[in-house]
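Novice: Just so it is clear, I am handing over input_30.pdb, which has PDB, C-alpha atoms, pLDDT in the B column.
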```pdb
ATOM      1  CA  MET Q   1       7.713   3.287   7.369  1.00 58.00           C
ATOM      2  CA  ASN Q   2      10.754   4.569   5.431  1.00 57.00           C
ATOM      3  CA  ARG Q   3      11.186   1.166   3.758  1.00 57.00           C
ATOM      4  CA  SER Q   4       7.605   1.100   2.566  1.00 56.00           C
ATOM      5  CA  ILE Q   5       7.914   4.627   1.095  1.00 55.00           C
ATOM      6  CA  LEU Q   6      11.156   3.643  -0.662  1.00 51.00           C
ATOM      7  CA  PHE Q   7       9.575   0.429  -1.952  1.00 52.00           C
ATOM      8  CA  LEU Q   8       6.518   2.304  -3.210  1.00 50.00           C
ATOM      9  CA  SER Q   9       8.741   4.916  -4.919  1.00 53.00           C
ATOM     10  CA  VAL Q  10      10.718   2.204  -6.719  1.00 50.00           C
ATOM     11  CA  ILE Q  11       7.484   0.536  -7.895  1.00 55.00           C
ATOM     12  CA  ILE Q  12       6.135   3.845  -9.248  1.00 56.00           C
ATOM     13  CA  VAL Q  13       9.370   4.701 -11.092  1.00 49.00           C
ATOM     14  CA  CYS Q  14       9.558   1.222 -12.637  1.00 48.00           C
ATOM     15  CA  GLY Q  15       5.933   1.500 -13.704  1.00 49.00           C
ATOM     16  CA  LEU Q  16       6.583   4.834 -15.380  1.00 46.00           C
ATOM     17  CA  PHE Q  17       9.506   3.450 -17.386  1.00 49.00           C
ATOM     18  CA  ALA Q  18       7.454   0.398 -18.388  1.00 43.00           C
ATOM     19  CA  GLN Q  19       4.761   2.672 -19.830  1.00 44.00           C
ATOM     20  CA  CYS Q  20       7.262   4.563 -21.993  1.00 45.00           C
ATOM     21  CA  GLY Q  21       8.616   1.573 -23.930  1.00 43.00           C
ATOM     22  CA  ILE Q  22      12.351   1.034 -24.093  1.00 40.00           C
ATOM     23  CA  TYR Q  23      14.340   4.158 -23.311  1.00 42.00           C
ATOM     24  CA  SER Q  24      18.063   4.660 -23.636  1.00 44.00           C
ATOM     25  CA  PHE Q  25      20.186   7.361 -22.055  1.00 44.00           C
ATOM     26  CA  THR Q  26      21.060   8.708 -25.514  1.00 46.00           C
ATOM     27  CA  GLY Q  27      17.544  10.053 -25.845  1.00 55.00           C
ATOM     28  CA  ALA Q  28      16.265   7.269 -28.084  1.00 69.00           C
ATOM     29  CA  SER Q  29      12.801   5.958 -27.448  1.00 73.00           C
ATOM     30  CA  ILE Q  30      12.837   2.553 -29.105  1.00 81.00           C
ATOM     31  CA  PRO Q  31       9.304   1.311 -29.860  1.00 75.00           C
ATOM     32  CA  ALA Q  32       8.364  -1.901 -28.044  1.00 78.00           C
ATOM     33  CA  GLY Q  33       9.114  -5.006 -30.094  1.00 85.00           C
ATOM     34  CA  THR Q  34      11.714  -3.228 -32.235  1.00 92.00           C
ATOM     35  CA  GLU Q  35      14.957  -5.156 -32.442  1.00 95.00           C
ATOM     36  CA  THR Q  36      16.519  -4.378 -35.833  1.00 97.00           C
ATOM     37  CA  PHE Q  37      17.209  -1.561 -38.260  1.00 97.00           C
ATOM     38  CA  GLN Q  38      18.494  -1.391 -41.793  1.00 97.00           C
ATOM     39  CA  VAL Q  39      20.178   1.467 -43.618  1.00 98.00           C
ATOM     40  CA  ASN Q  40      19.890   1.084 -47.363  1.00 97.00           C
ATOM     41  CA  TYR Q  41      22.604   2.560 -49.544  1.00 96.00           C
ATOM     42  CA  PHE Q  42      22.125   6.328 -49.959  1.00 96.00           C
ATOM     43  CA  ILE Q  43      22.597   6.946 -53.681  1.00 94.00           C
ATOM     44  CA  ASN Q  44      24.494  10.111 -54.551  1.00 94.00           C
ATOM     45  CA  GLU Q  45      22.262  11.974 -56.994  1.00 93.00           C
ATOM     46  CA  ALA Q  46      23.891  15.338 -56.295  1.00 91.00           C
ATOM     47  CA  GLY Q  47      25.961  15.189 -59.470  1.00 81.00           C
ATOM     48  CA  ASN Q  48      22.748  15.298 -61.538  1.00 81.00           C
ATOM     49  CA  ARG Q  49      21.827  18.676 -60.086  1.00 80.00           C
ATOM     50  CA  PRO Q  50      23.214  21.935 -61.540  1.00 77.00           C
ATOM     51  CA  GLY Q  51      25.846  23.466 -59.284  1.00 75.00           C
ATOM     52  CA  SER Q  52      26.473  20.292 -57.307  1.00 79.00           C
ATOM     53  CA  THR Q  53      29.874  18.676 -57.051  1.00 80.00           C
ATOM     54  CA  VAL Q  54      30.395  15.018 -57.906  1.00 81.00           C
ATOM     55  CA  GLU Q  55      32.202  13.451 -54.955  1.00 88.00           C
ATOM     56  CA  PRO Q  56      33.108   9.760 -55.374  1.00 90.00           C
ATOM     57  CA  GLY Q  57      32.537   7.647 -52.258  1.00 93.00           C
ATOM     58  CA  LEU Q  58      30.291  10.216 -50.561  1.00 95.00           C
ATOM     59  CA  ASP Q  59      27.314   7.850 -50.703  1.00 96.00           C
ATOM     60  CA  GLN Q  60      29.139   4.977 -49.023  1.00 97.00           C
ATOM     61  CA  GLU Q  61      30.708   7.215 -46.361  1.00 97.00           C
ATOM     62  CA  PHE Q  62      27.361   8.748 -45.442  1.00 98.00           C
ATOM     63  CA  THR Q  63      25.579   5.372 -45.322  1.00 98.00           C
ATOM     64  CA  ILE Q  64      28.239   4.011 -42.961  1.00 98.00           C
ATOM     65  CA  ALA Q  65      28.112   7.157 -40.787  1.00 98.00           C
ATOM     66  CA  LEU Q  66      24.343   6.725 -40.286  1.00 98.00           C
ATOM     67  CA  GLN Q  67      24.712   3.007 -39.515  1.00 98.00           C
ATOM     68  CA  ASP Q  68      27.462   3.710 -36.987  1.00 98.00           C
ATOM     69  CA  LEU Q  69      25.493   6.423 -35.196  1.00 97.00           C
ATOM     70  CA  ILE Q  70      22.423   4.211 -34.737  1.00 97.00           C
ATOM     71  CA  LEU Q  71      24.568   1.256 -33.649  1.00 96.00           C
ATOM     72  CA  ASN Q  72      26.404   3.407 -31.103  1.00 96.00           C
ATOM     73  CA  GLN Q  73      23.328   5.120 -29.655  1.00 95.00           C
ATOM     74  CA  THR Q  74      20.881   2.204 -29.483  1.00 94.00           C
ATOM     75  CA  ASN Q  75      20.828  -1.500 -28.729  1.00 94.00           C
ATOM     76  CA  LEU Q  76      19.278  -2.274 -32.133  1.00 96.00           C
ATOM     77  CA  ASN Q  77      20.886  -4.819 -34.438  1.00 97.00           C
ATOM     78  CA  LEU Q  78      21.878  -3.834 -37.977  1.00 97.00           C
ATOM     79  CA  VAL Q  79      20.408  -6.115 -40.677  1.00 97.00           C
ATOM     80  CA  LYS Q  80      20.578  -6.039 -44.480  1.00 96.00           C
ATOM     81  CA  ILE Q  81      16.903  -6.878 -45.132  1.00 96.00           C
ATOM     82  CA  ASN Q  82      13.581  -6.892 -43.272  1.00 96.00           C
ATOM     83  CA  GLY Q  83      14.599  -4.379 -40.589  1.00 96.00           C
ATOM     84  CA  ASP Q  84      12.000  -3.187 -38.107  1.00 96.00           C
ATOM     85  CA  LEU Q  85      13.189   0.346 -38.874  1.00 97.00           C
ATOM     86  CA  VAL Q  86      14.293   1.191 -42.426  1.00 98.00           C
ATOM     87  CA  TYR Q  87      16.348   4.223 -43.424  1.00 98.00           C
ATOM     88  CA  GLU Q  88      16.767   4.958 -47.132  1.00 98.00           C
ATOM     89  CA  GLY Q  89      17.136   7.899 -49.436  1.00 98.00           C
ATOM     90  CA  GLU Q  90      19.390   9.947 -51.648  1.00 97.00           C
ATOM     91  CA  ILE Q  91      22.067  12.590 -51.358  1.00 97.00           C
ATOM     92  CA  THR Q  92      20.419  15.369 -53.360  1.00 95.00           C
ATOM     93  CA  LYS Q  93      22.921  18.202 -52.960  1.00 95.00           C
ATOM     94  CA  TYR Q  94      26.642  18.571 -52.405  1.00 95.00           C
ATOM     95  CA  SER Q  95      27.647  22.022 -53.551  1.00 94.00           C
ATOM     96  CA  ILE Q  96      29.993  24.906 -52.874  1.00 92.00           C
ATOM     97  CA  THR Q  97      28.712  28.468 -52.966  1.00 90.00           C
ATOM     98  CA  PRO Q  98      30.364  31.771 -52.004  1.00 89.00           C
ATOM     99  CA  THR Q  99      29.013  33.273 -48.780  1.00 85.00           C
ATOM    100  CA  THR Q 100      31.009  36.486 -48.407  1.00 75.00           C
ATOM    101  CA  SER Q 101      32.953  38.592 -50.854  1.00 68.00           C
ATOM    102  CA  THR Q 102      35.905  40.960 -50.806  1.00 65.00           C
ATOM    103  CA  ALA Q 103      36.010  44.545 -52.057  1.00 62.00           C
ATOM    104  CA  ASN Q 104      37.236  43.146 -55.392  1.00 67.00           C
ATOM    105  CA  ASN Q 105      34.048  41.060 -55.777  1.00 65.00           C
ATOM    106  CA  THR Q 106      35.820  37.763 -55.201  1.00 67.00           C
ATOM    107  CA  ALA Q 107      34.773  35.157 -52.666  1.00 68.00           C
ATOM    108  CA  ALA Q 108      36.274  35.515 -49.202  1.00 84.00           C
ATOM    109  CA  GLN Q 109      34.498  32.511 -47.792  1.00 91.00           C
ATOM    110  CA  ASN Q 110      32.749  29.506 -49.314  1.00 93.00           C
ATOM    111  CA  ARG Q 111      30.074  27.181 -47.990  1.00 94.00           C
ATOM    112  CA  LEU Q 112      29.887  23.453 -48.680  1.00 95.00           C
ATOM    113  CA  THR Q 113      26.273  22.308 -48.323  1.00 96.00           C
ATOM    114  CA  MET Q 114      25.006  18.741 -48.300  1.00 97.00           C
ATOM    115  CA  GLU Q 115      21.338  17.760 -48.459  1.00 97.00           C
ATOM    116  CA  VAL Q 116      19.847  14.312 -47.953  1.00 98.00           C
ATOM    117  CA  ASN Q 117      16.323  13.149 -48.720  1.00 98.00           C
ATOM    118  CA  LEU Q 118      15.361  10.474 -46.156  1.00 98.00           C
ATOM    119  CA  ARG Q 119      12.534   7.966 -46.147  1.00 98.00           C
ATOM    120  CA  TYR Q 120      12.118   6.433 -42.691  1.00 97.00           C
ATOM    121  CA  THR Q 121       9.833   3.435 -42.300  1.00 97.00           C
ATOM    122  CA  ASN Q 122       8.833   2.001 -38.940  1.00 95.00           C
ATOM    123  CA  THR Q 123       7.350  -1.423 -39.780  1.00 94.00           C
ATOM    124  CA  LYS Q 124       6.023  -1.794 -36.233  1.00 92.00           C
ATOM    125  CA  ASN Q 125       4.117   1.502 -36.317  1.00 91.00           C
ATOM    126  CA  GLU Q 126       3.449   2.994 -39.763  1.00 91.00           C
ATOM    127  CA  ASP Q 127       2.256   6.265 -38.166  1.00 92.00           C
ATOM    128  CA  ASP Q 128       5.880   7.000 -37.214  1.00 93.00           C
ATOM    129  CA  SER Q 129       7.104   6.698 -40.823  1.00 95.00           C
ATOM    130  CA  PHE Q 130       8.015   9.872 -42.730  1.00 97.00           C
ATOM    131  CA  GLU Q 131       9.931  11.388 -45.647  1.00 98.00           C
ATOM    132  CA  LYS Q 132      11.993  14.499 -44.950  1.00 98.00           C
ATOM    133  CA  ARG Q 133      15.004  16.467 -46.197  1.00 98.00           C
ATOM    134  CA  PHE Q 134      17.988  17.123 -43.944  1.00 98.00           C
ATOM    135  CA  SER Q 135      20.877  19.453 -44.708  1.00 98.00           C
ATOM    136  CA  PHE Q 136      23.872  21.074 -43.133  1.00 98.00           C
ATOM    137  CA  PHE Q 137      26.853  23.150 -44.249  1.00 97.00           C
ATOM    138  CA  PHE Q 138      30.518  23.824 -43.595  1.00 97.00           C
ATOM    139  CA  ASP Q 139      32.061  27.279 -44.147  1.00 95.00           C
ATOM    140  CA  PHE Q 140      35.688  27.570 -45.223  1.00 95.00           C
ATOM    141  CA  ASP Q 141      38.203  30.095 -46.533  1.00 92.00           C
ATOM    142  CA  ALA Q 142      37.891  30.742 -50.268  1.00 89.00           C
ATOM    143  CA  ASN Q 143      41.636  30.243 -50.707  1.00 90.00           C
ATOM    144  CA  LYS Q 144      41.166  26.528 -49.979  1.00 92.00           C
ATOM    145  CA  GLN Q 145      39.918  23.855 -52.328  1.00 91.00           C
ATOM    146  CA  LEU Q 146      37.409  21.092 -51.537  1.00 90.00           C
ATOM    147  CA  PHE Q 147      40.292  18.611 -51.402  1.00 90.00           C
ATOM    148  CA  ASP Q 148      41.867  20.631 -48.553  1.00 94.00           C
ATOM    149  CA  ILE Q 149      38.808  20.648 -46.298  1.00 95.00           C
ATOM    150  CA  LYS Q 150      36.839  17.586 -47.443  1.00 94.00           C
ATOM    151  CA  ASN Q 151      37.640  15.265 -44.511  1.00 96.00           C
ATOM    152  CA  GLU Q 152      36.946  17.860 -41.820  1.00 97.00           C
ATOM    153  CA  ALA Q 153      33.871  19.189 -43.614  1.00 97.00           C
ATOM    154  CA  ASN Q 154      32.335  15.763 -44.271  1.00 97.00           C
ATOM    155  CA  LYS Q 155      32.912  14.720 -40.678  1.00 97.00           C
ATOM    156  CA  GLU Q 156      31.091  17.783 -39.333  1.00 98.00           C
ATOM    157  CA  ILE Q 157      28.290  17.628 -41.910  1.00 98.00           C
ATOM    158  CA  PHE Q 158      27.749  13.872 -41.446  1.00 98.00           C
ATOM    159  CA  GLU Q 159      27.669  14.232 -37.642  1.00 98.00           C
ATOM    160  CA  ARG Q 160      25.016  16.922 -37.824  1.00 98.00           C
ATOM    161  CA  ILE Q 161      22.795  15.320 -40.471  1.00 98.00           C
ATOM    162  CA  THR Q 162      22.937  11.820 -38.960  1.00 98.00           C
ATOM    163  CA  GLN Q 163      22.163  13.209 -35.494  1.00 97.00           C
ATOM    164  CA  ASP Q 164      19.232  15.175 -36.923  1.00 97.00           C
ATOM    165  CA  ILE Q 165      17.947  11.981 -38.597  1.00 97.00           C
ATOM    166  CA  PHE Q 166      18.353  10.066 -35.332  1.00 97.00           C
ATOM    167  CA  ASN Q 167      16.505  12.777 -33.394  1.00 95.00           C
ATOM    168  CA  ALA Q 168      13.633  12.888 -35.886  1.00 95.00           C
ATOM    169  CA  SER Q 169      13.200   9.118 -36.075  1.00 95.00           C
ATOM    170  CA  LEU Q 170      14.049   7.824 -32.604  1.00 92.00           C
ATOM    171  CA  ALA Q 171      14.193  10.764 -30.206  1.00 87.00           C
ATOM    172  CA  LYS Q 172      11.078  12.404 -31.711  1.00 73.00           C
ATOM    173  CA  TRP Q 173      12.627  15.878 -31.598  1.00 60.00           C
TER     174      TRP Q 173
END
```
How would this structure read if it were set down as structure tokens?
Specialist:
Amino acid sequence: MNRSILFLSVIIVCGLFAQCGIYSFTGASIPAGTETFQVNYFINEAGNRPGSTVEPGLDQEFTIALQDLILNQTNLNLVKINGDLVYEGEITKYSITPTTSTANNTAAQNRLTMEVNLRYTNTKNEDDSFEKRFSFFFDFDANKQLFDIKNEANKEIFERITQDIFNASLAKW
């Protein structure tokens, strides 16, 4: 009797997972039949916007960060063209603004903000496709320059924005 209950439980659990498509333990719900993804080069248009900082190499670093995250959290294969899932867009903002001031009306703390406009296309299910803006920031002491905090700031900002993109496109959060 115990064996038949165990067998029945295993059948039910397997059936439930089969109904949900492919699921990974990272929270990704990969649509059935999806095997590849492509991340097109994110062009840095932030320098064209008043108040934004021109940061050479930001576009390439961000593109690679998004590719790496999807590669590490799914079993999808990265391709250059004809991906089942396509990520593309632009970096629209990369700017520093003061967030707090001192009694002398000088900045005590600054905020580096990055914003990305993303177009996500699911060629297997067009209803899942969307266009959305993602942004995040990094606060730092006003006595420091961008050069001093750039690596740490970009790492934190990239991690947050790429994870938000992943959640919106594959985890459906």
Novice: Would you mind telling me which residue in Q:Phe138, Q:Phe166, Q:Phe42, Q:Phe37 lies nearest to Q:Gly83 when using only C-alpha atoms?
Specialist: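 Nearest candidate to Q:Gly83 out of Q:Phe138, Q:Phe166, Q:Phe42, Q:Phe37: Q:Phe37.
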Novice: Would you mind listing what lies within 8 Å of stretch 125-137 of chain Q as a list in words, with only C-alpha atoms counted and same-chain residues fewer than 5 positions away left out?
Specialist: Arg111, Leu112, Thr113, Met114, Glu115, Val116, Asn117, Leu118, Arg119, Tyr120, Ile157, Arg160, Ile161, Asp164, Ile165 and Ser169 of chain Q
Novice: I need the output of the PyMOL selection byres ((chain Q and resi 144-149) around 12) for this file as a VMD selection string; which residues are they?
Specialist: chain Q and resid 53 to 55 94 to 97 107 to 113 138 to 143 150 to 157
Novice: I'd like the interatomic distance between atom CA of Q:Asn82 and atom CA of Q:Glu159, to a tenth of an Å.
Specialist: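 A separation of 26.0 Å between them.
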Novice: If I take atom CA of Q:Gln38 and atom CA of Q:Pro56, how far is one from the other in Å, to one decimal?
Specialist: 22.9 Å
Novice: Please, what distance in Å, to one decimal, runs between atom CA of Q:Gln67 and atom CA of Q:Ala171?
Specialist: 16.0 Å
Novice: So that I can check the surroundings of Q:Asn44, please list as a compact mmCIF listing (two decimals) with C-alpha atoms, keeping the file's coordinate frame every protein, DNA and RNA residue that reaches within 8 Å of it, counting all atoms listed in the file and ignoring chain neighbours fewer than 2 positions away.
Specialist:
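And here is the file that came out, part_7.txt:
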```txt
# COMPACT_ATOMS: atom_id res chain seq x y z
CA PHE Q 42 22.12 6.33 -49.96
CA ALA Q 46 23.89 15.34 -56.30
CA GLY Q 47 25.96 15.19 -59.47
CA LEU Q 58 30.29 10.22 -50.56
CA ASP Q 59 27.31 7.85 -50.70
CA GLU Q 90 19.39 9.95 -51.65
CA ILE Q 91 22.07 12.59 -51.36
CA THR Q 92 20.42 15.37 -53.36
```
Novice: Would you list the contacts of stretch 60-64 of chain Q as a tab-separated table (two decimals) with C-alpha atoms, keeping the file's coordinate frame, taking every protein, DNA or RNA residue within 7 Å and counting all atoms listed in the file, but skipping same-chain residues closer than 5 positions in sequence?
Specialist:
```tsv
chain	number	residue	atom	x	y	z
Q	39	VAL	CA	20.18	1.47	-43.62
Q	41	TYR	CA	22.60	2.56	-49.54
Q	42	PHE	CA	22.12	6.33	-49.96
Q	158	PHE	CA	27.75	13.87	-41.45
```
Novice: Give the answer as one residue: which of Q:Ala168, Q:Val79, Q:Ile70, Q:Leu85 has the shortest atom-to-atom distance to Q:Gly33, using only C-alpha atoms?
Specialist: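 Ranked by minimum distance to Q:Gly33, first place goes to Q:Leu85.
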Novice: Could you list, as a list in words, every residue within 7 Å of Q:Glu35, counting all atoms listed in the file and ignoring same-chain residues fewer than 6 positions away?
Specialist: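 Counting all atoms listed in the file, the residues come to Leu76, Asn77 and Asp84 of chain Q.
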Novice: Considering all atoms listed in the file, can you say which of Q:Leu170, Q:Ala65, Q:Ile81, Q:Ala32 comes closest to Q:Lys124?
Specialist: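 Result for the nearest residue to Q:Lys124: Q:Ala32.
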Novice: Restricting the calculation to all atoms listed in the file, which member of Q:Thr162, Q:Pro31, Q:Arg49, Q:Thr99 is positioned closest to Q:Leu71?
Specialist: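 Looking only at the distances to Q:Leu71, the closest residue turns out to be Q:Thr162.
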